[in-house]
$ cat start-v3.cif   # mmCIF, C-alpha atoms (C1' of nucleotides)
data_structure
loop_
_atom_site.group_PDB
_atom_site.id
_atom_site.type_symbol
_atom_site.label_atom_id
_atom_site.label_comp_id
_atom_site.auth_asym_id
_atom_site.auth_seq_id
_atom_site.Cartn_x
_atom_site.Cartn_y
_atom_site.Cartn_z
ATOM 1 C CA MET A 4 50.842 -78.374 -41.508
ATOM 2 C CA ARG A 5 54.159 -76.663 -41.303
ATOM 3 C CA GLU A 6 53.254 -74.520 -44.277
ATOM 4 C CA ASN A 7 49.558 -74.409 -43.573
ATOM 5 C CA PRO A 8 48.085 -71.157 -44.926
ATOM 6 C CA LYS A 9 45.942 -70.841 -41.830
ATOM 7 C CA TYR A 10 49.017 -70.766 -39.704
ATOM 8 C CA LEU A 11 50.709 -68.332 -41.998
ATOM 9 C CA ALA A 12 47.721 -66.033 -41.663
ATOM 10 C CA ILE A 13 47.893 -66.275 -37.917
ATOM 11 C CA LEU A 14 51.615 -65.745 -37.829
ATOM 12 C CA ALA A 15 51.232 -62.815 -40.170
ATOM 13 C CA VAL A 16 48.808 -61.165 -37.805
ATOM 14 C CA VAL A 17 51.039 -61.834 -34.849
ATOM 15 C CA ALA A 18 53.883 -60.258 -36.737
ATOM 16 C CA LYS A 19 51.787 -57.132 -37.161
ATOM 17 C CA ILE A 20 51.464 -56.499 -33.475
ATOM 18 C CA PRO A 21 53.364 -53.293 -32.826
ATOM 19 C CA LYS A 22 56.372 -53.571 -30.607
ATOM 20 C CA GLY A 23 55.509 -52.746 -27.045
ATOM 21 C CA ASN A 24 51.971 -53.965 -27.478
ATOM 22 C CA VAL A 25 50.335 -57.304 -26.857
ATOM 23 C CA SER A 26 47.269 -59.030 -28.236
ATOM 24 C CA THR A 27 45.070 -61.921 -27.223
ATOM 25 C CA TYR A 28 44.549 -65.267 -28.871
ATOM 26 C CA GLY A 29 40.964 -64.474 -29.612
ATOM 27 C CA GLU A 30 41.944 -61.210 -31.190
ATOM 28 C CA ILE A 31 44.572 -62.850 -33.340
ATOM 29 C CA ALA A 32 42.151 -65.552 -34.366
ATOM 30 C CA ALA A 33 39.536 -63.013 -35.371
ATOM 31 C CA LEU A 34 41.984 -60.841 -37.248
ATOM 32 C CA SER A 35 43.416 -63.786 -39.118
ATOM 33 C CA GLY A 36 39.953 -64.828 -40.182
ATOM 34 C CA PHE A 37 39.107 -67.533 -37.639
ATOM 35 C CA PRO A 38 36.813 -66.080 -35.023
ATOM 36 C CA ARG A 39 36.546 -68.204 -31.903
ATOM 37 C CA CYS A 40 39.444 -70.404 -32.907
ATOM 38 C CA ALA A 41 41.803 -69.184 -30.258
ATOM 39 C CA ARG A 42 43.178 -72.680 -29.872
ATOM 40 C CA LEU A 43 44.341 -72.662 -33.444
ATOM 41 C CA VAL A 44 46.453 -69.670 -32.660
ATOM 42 C CA GLY A 45 48.097 -71.483 -29.817
ATOM 43 C CA THR A 46 48.602 -74.572 -31.910
ATOM 44 C CA ALA A 47 50.004 -72.528 -34.746
ATOM 45 C CA LEU A 48 52.494 -70.823 -32.525
ATOM 46 C CA ARG A 49 53.421 -74.047 -30.798
ATOM 47 C CA SER A 50 53.933 -76.509 -33.615
ATOM 48 C CA ASP A 51 54.344 -74.289 -36.559
ATOM 49 C CA ALA A 52 56.833 -71.975 -38.100
ATOM 50 C CA SER A 53 56.953 -69.696 -35.062
ATOM 51 C CA GLY A 54 60.423 -68.919 -36.287
ATOM 52 C CA PRO A 55 62.781 -66.320 -34.903
ATOM 53 C CA ASP A 56 60.804 -63.498 -36.422
ATOM 54 C CA THR A 57 57.498 -64.531 -34.966
ATOM 55 C CA PRO A 58 56.870 -62.422 -31.863
ATOM 56 C CA TRP A 59 54.706 -65.041 -30.190
ATOM 57 C CA HIS A 60 55.516 -63.462 -26.850
ATOM 58 C CA ARG A 61 53.212 -60.606 -27.745
ATOM 59 C CA VAL A 62 50.294 -62.985 -27.584
ATOM 60 C CA VAL A 63 48.642 -63.480 -24.220
ATOM 61 C CA ASN A 64 45.279 -64.808 -23.112
ATOM 62 C CA SER A 65 42.200 -62.644 -22.749
ATOM 63 C CA GLN A 66 42.919 -62.081 -19.098
ATOM 64 C CA GLY A 67 46.175 -60.368 -19.873
ATOM 65 C CA LYS A 68 48.119 -63.243 -18.429
ATOM 66 C CA LEU A 69 50.650 -65.513 -20.034
ATOM 67 C CA SER A 70 49.356 -68.891 -21.081
ATOM 68 C CA PHE A 71 52.162 -70.773 -19.403
ATOM 69 C CA PRO A 72 52.270 -71.722 -15.781
ATOM 70 C CA GLN A 73 54.425 -69.395 -13.780
ATOM 71 C CA GLY A 74 57.924 -70.705 -13.479
ATOM 72 C CA SER A 75 57.986 -72.476 -16.821
ATOM 73 C CA ALA A 76 60.804 -71.584 -19.154
ATOM 74 C CA ASN A 77 58.500 -70.247 -21.801
ATOM 75 C CA HIS A 78 56.726 -68.084 -19.299
ATOM 76 C CA ASN A 79 59.976 -66.499 -18.279
ATOM 77 C CA ILE A 80 61.123 -65.936 -21.817
ATOM 78 C CA GLN A 81 57.857 -64.366 -22.793
ATOM 79 C CA LYS A 82 57.758 -62.131 -19.763
ATOM 80 C CA GLN A 83 61.356 -61.121 -20.254
ATOM 81 C CA ARG A 84 60.877 -60.242 -23.896
ATOM 82 C CA LEU A 85 57.758 -58.249 -23.167
ATOM 83 C CA MET A 86 59.439 -56.283 -20.446
ATOM 84 C CA ASP A 87 62.221 -55.668 -22.885
ATOM 85 C CA GLU A 88 59.736 -54.007 -25.175
ATOM 86 C CA GLY A 89 58.444 -51.856 -22.405
ATOM 87 C CA VAL A 90 55.422 -53.861 -21.377
ATOM 88 C CA VAL A 91 54.841 -53.726 -17.646
ATOM 89 C CA PHE A 92 53.582 -56.668 -15.636
ATOM 90 C CA HIS A 93 51.294 -55.833 -12.794
ATOM 91 C CA THR A 94 51.478 -58.778 -10.402
ATOM 92 C CA GLY A 95 52.105 -61.086 -13.302
ATOM 93 C CA ILE A 96 49.320 -59.548 -15.296
ATOM 94 C CA ILE A 97 49.461 -57.174 -18.221
ATOM 95 C CA ASN A 98 47.088 -54.246 -18.359
ATOM 96 C CA LEU A 99 45.420 -54.887 -21.687
ATOM 97 C CA LYS A 100 43.657 -51.558 -21.515
ATOM 98 C CA GLN A 101 47.036 -50.024 -21.851
ATOM 99 C CA TYR A 102 49.142 -52.487 -23.808
ATOM 100 C CA GLY A 103 46.496 -54.473 -25.607
ATOM 101 C CA TRP A 104 46.686 -53.993 -29.314
ATOM 102 C CA ASP A 105 43.682 -52.055 -30.374
ATOM 103 C CA ARG A 106 43.580 -51.401 -34.103
ATOM 104 C CA ASP A 107 41.981 -48.021 -33.684
ATOM 105 C CA LEU A 108 44.505 -47.112 -31.103
ATOM 106 C CA ASP A 109 47.150 -48.375 -33.434
ATOM 107 C CA LYS A 110 45.900 -46.003 -36.097
ATOM 108 C CA THR A 111 45.930 -43.127 -33.703
ATOM 109 C CA LEU A 112 49.180 -43.659 -31.931
ATOM 110 C CA TRP A 113 51.285 -45.611 -34.320
ATOM 111 C CA SER A 114 50.439 -44.280 -37.730
ATOM 112 C "C1'" DG B 23 39.178 -93.265 -38.657
ATOM 113 C "C1'" DC B 24 37.711 -92.335 -33.849
ATOM 114 C "C1'" DA B 25 38.735 -90.031 -29.513
ATOM 115 C "C1'" DC B 26 41.435 -87.181 -26.611
ATOM 116 C "C1'" DT B 27 44.087 -83.087 -25.844
ATOM 117 C "C1'" DG B 28 45.410 -78.392 -26.139
ATOM 118 C "C1'" DA B 29 49.975 -71.685 -25.871
ATOM 119 C "C1'" DC B 30 41.649 -70.289 -25.541
ATOM 120 C "C1'" DT B 31 37.118 -67.845 -24.927
ATOM 121 C "C1'" DC B 32 32.461 -67.092 -23.820
ATOM 122 C "C1'" DC B 33 28.282 -67.742 -21.147
ATOM 123 C "C1'" DC B 34 25.644 -69.022 -17.219
ATOM 124 C "C1'" DA B 35 25.036 -70.388 -12.299
ATOM 125 C "C1'" DA C 11 33.627 -61.996 -8.521
ATOM 126 C "C1'" DT C 12 34.447 -66.889 -9.387
ATOM 127 C "C1'" DG C 13 33.945 -71.515 -11.095
ATOM 128 C "C1'" DG C 14 32.191 -74.882 -14.224
ATOM 129 C "C1'" DG C 15 30.729 -76.320 -18.875
ATOM 130 C "C1'" DA C 16 30.293 -76.009 -23.789
ATOM 131 C "C1'" DG C 17 32.207 -74.612 -28.252
ATOM 132 C "C1'" DC C 18 35.993 -74.483 -31.867
ATOM 133 C "C1'" DC C 19 39.684 -76.517 -35.177
ATOM 134 C "C1'" DA C 20 43.768 -79.254 -35.755
ATOM 135 C "C1'" DG C 21 47.216 -82.220 -34.318
ATOM 136 C "C1'" DT C 22 48.415 -86.569 -32.264
ATOM 137 C "C1'" DG C 23 47.890 -91.404 -30.426
#

$ encode --input "start-v3.cif" --output "structure tokens"
Amino acid sequence: MRENPKYLAILAVVAKIPKGNVSTYGEIAALSGFPRCARLVGTALRSDASGPDTPWHRVVNSQGKLSFPQGSANHNIQKQRLMDEGVVFHTGIINLKQYGWDRDLDKTLWS
DNA sequence: GCACTGACTCCCA
DNA sequence: ATGGGAGCCAGTG
């Protein structure tokens, strides 16, 4: 597990998320080659490598919310880091239309 | 080896 | 718009 290629693929995708942007579990799963396996993404980030260079905080659920209950340590860390990168929380929710990582948008704005 | 759980998502009522 | 249920893959007991 620790060095599971599936996880590496997922982590690799997560690492590709541009700073200041966020992506969803489903998106990550699809991009890493596992459509509909959103849970794997979560598991990968939780148990696996998710080392210091894995920006797991840029991964939120499809509703643009953090996957941790408000008040939990992880929630705070994630929120803090995202705000650090310029992501704005609107009543605890991120506007995916604006910050969601869209590959086309990425091409246009970040290339 | 079976069954439950989980950092999720989608579809239907 | 909101809530409930099923689907998915791996990890863990």

$ interface_residues --input "start-v3.cif" --of "chain C" --to "chain A" --cutoff "9 Å" --atoms "only C-alpha atoms (C1' of nucleotides)" --output "PyMOL selection string"
chain C and resi 17-21

$ atom_distance --input "start-v3.cif" --atom1 "atom CA of A:Arg49" --atom2 "atom CA of A:Asn24"
20.4 Å

$ atom_distance --input "start-v3.cif" --atom1 "atom CA of A:Gln73" --atom2 "atom CA of A:Ser35"
28.2 Å

$ closest_atom_pairs --input "start-v3.cif" --of "chain A" --to "chain B" --cutoff "12 Å" --atoms "only C-alpha atoms (C1' of nucleotides)" --output "Markdown table"
| residue | atom | partner | partner_atom | distance |
| --- | --- | --- | --- | --- |
| A:Thr27 | CA | B:DC30 | C1' | 9.2 |
| A:Tyr28 | CA | B:DC30 | C1' | 6.7 |
| A:Gly29 | CA | B:DT31 | C1' | 6.9 |
| A:Glu30 | CA | B:DT31 | C1' | 10.3 |
| A:Ile31 | CA | B:DC30 | C1' | 11.2 |
| A:Ala32 | CA | B:DC30 | C1' | 10.0 |
| A:Ala33 | CA | B:DT31 | C1' | 11.8 |
| A:Pro38 | CA | B:DT31 | C1' | 10.3 |
| A:Arg39 | CA | B:DT31 | C1' | 7.0 |
| A:Cys40 | CA | B:DC30 | C1' | 7.7 |
| A:Ala41 | CA | B:DC30 | C1' | 4.8 |
| A:Arg42 | CA | B:DC30 | C1' | 5.2 |
| A:Leu43 | CA | B:DC30 | C1' | 8.7 |
| A:Val44 | CA | B:DA29 | C1' | 7.9 |
| A:Gly45 | CA | B:DA29 | C1' | 4.4 |
| A:Thr46 | CA | B:DA29 | C1' | 6.8 |
| A:Ala47 | CA | B:DA29 | C1' | 8.9 |
| A:Leu48 | CA | B:DA29 | C1' | 7.2 |
| A:Arg49 | CA | B:DA29 | C1' | 6.5 |
| A:Ser50 | CA | B:DA29 | C1' | 9.9 |
| A:Asp51 | CA | B:DA29 | C1' | 11.8 |
| A:Ser53 | CA | B:DA29 | C1' | 11.7 |
| A:Trp59 | CA | B:DA29 | C1' | 9.2 |
| A:His60 | CA | B:DA29 | C1' | 10.0 |
| A:Arg61 | CA | B:DA29 | C1' | 11.7 |
| A:Val62 | CA | B:DA29 | C1' | 8.9 |
| A:Val63 | CA | B:DA29 | C1' | 8.5 |
| A:Asn64 | CA | B:DC30 | C1' | 7.0 |
| A:Ser65 | CA | B:DT31 | C1' | 7.6 |
| A:Gln66 | CA | B:DT31 | C1' | 10.0 |
| A:Lys68 | CA | B:DA29 | C1' | 11.4 |
| A:Leu69 | CA | B:DA29 | C1' | 8.5 |
| A:Ser70 | CA | B:DA29 | C1' | 5.6 |
| A:Phe71 | CA | B:DA29 | C1' | 6.9 |
| A:Pro72 | CA | B:DA29 | C1' | 10.3 |
| A:Asn77 | CA | B:DA29 | C1' | 9.6 |
| A:His78 | CA | B:DA29 | C1' | 10.1 |
| A:Gln81 | CA | B:DA29 | C1' | 11.2 |

$ atom_distance --input "start-v3.cif" --atom1 "atom CA of A:Lys82" --atom2 "atom C1' of C:DG13"
27.0 Å

$ residues_around --input "start-v3.cif" --residues "A:Met86" --least-positions-apart "2" --cutoff "12 Å" --atoms "all atoms listed in the file" --output "tab-separated table (two decimals) with C-alpha atoms, in the coordinates of the input"
chain	number	residue	atom	x	y	z
A	22	LYS	CA	56.37	-53.57	-30.61
A	23	GLY	CA	55.51	-52.75	-27.04
A	24	ASN	CA	51.97	-53.96	-27.48
A	25	VAL	CA	50.34	-57.30	-26.86
A	60	HIS	CA	55.52	-63.46	-26.85
A	61	ARG	CA	53.21	-60.61	-27.74
A	79	ASN	CA	59.98	-66.50	-18.28
A	80	ILE	CA	61.12	-65.94	-21.82
A	81	GLN	CA	57.86	-64.37	-22.79
A	82	LYS	CA	57.76	-62.13	-19.76
A	83	GLN	CA	61.36	-61.12	-20.25
A	84	ARG	CA	60.88	-60.24	-23.90
A	88	GLU	CA	59.74	-54.01	-25.18
A	89	GLY	CA	58.44	-51.86	-22.40
A	90	VAL	CA	55.42	-53.86	-21.38
A	91	VAL	CA	54.84	-53.73	-17.65
A	92	PHE	CA	53.58	-56.67	-15.64
A	93	HIS	CA	51.29	-55.83	-12.79
A	95	GLY	CA	52.10	-61.09	-13.30
A	96	ILE	CA	49.32	-59.55	-15.30
A	97	ILE	CA	49.46	-57.17	-18.22
A	102	TYR	CA	49.14	-52.49	-23.81

$ axis_aligned_box --input "start-v3.cif" --around "chain B" --padding-each-side "8 Å" --output "JSON"
{"center_x": 37.5, "center_y": -80.2, "center_z": -25.5, "size_x": 40.9, "size_y": 42.2, "size_z": 42.4}

$ resolve_selection --input "start-v3.cif" --expression "the PyMOL selection byres ((chain A and resi 13-20) around 6)" --output "ChimeraX atom specification"
/A:10-12,21,35,57
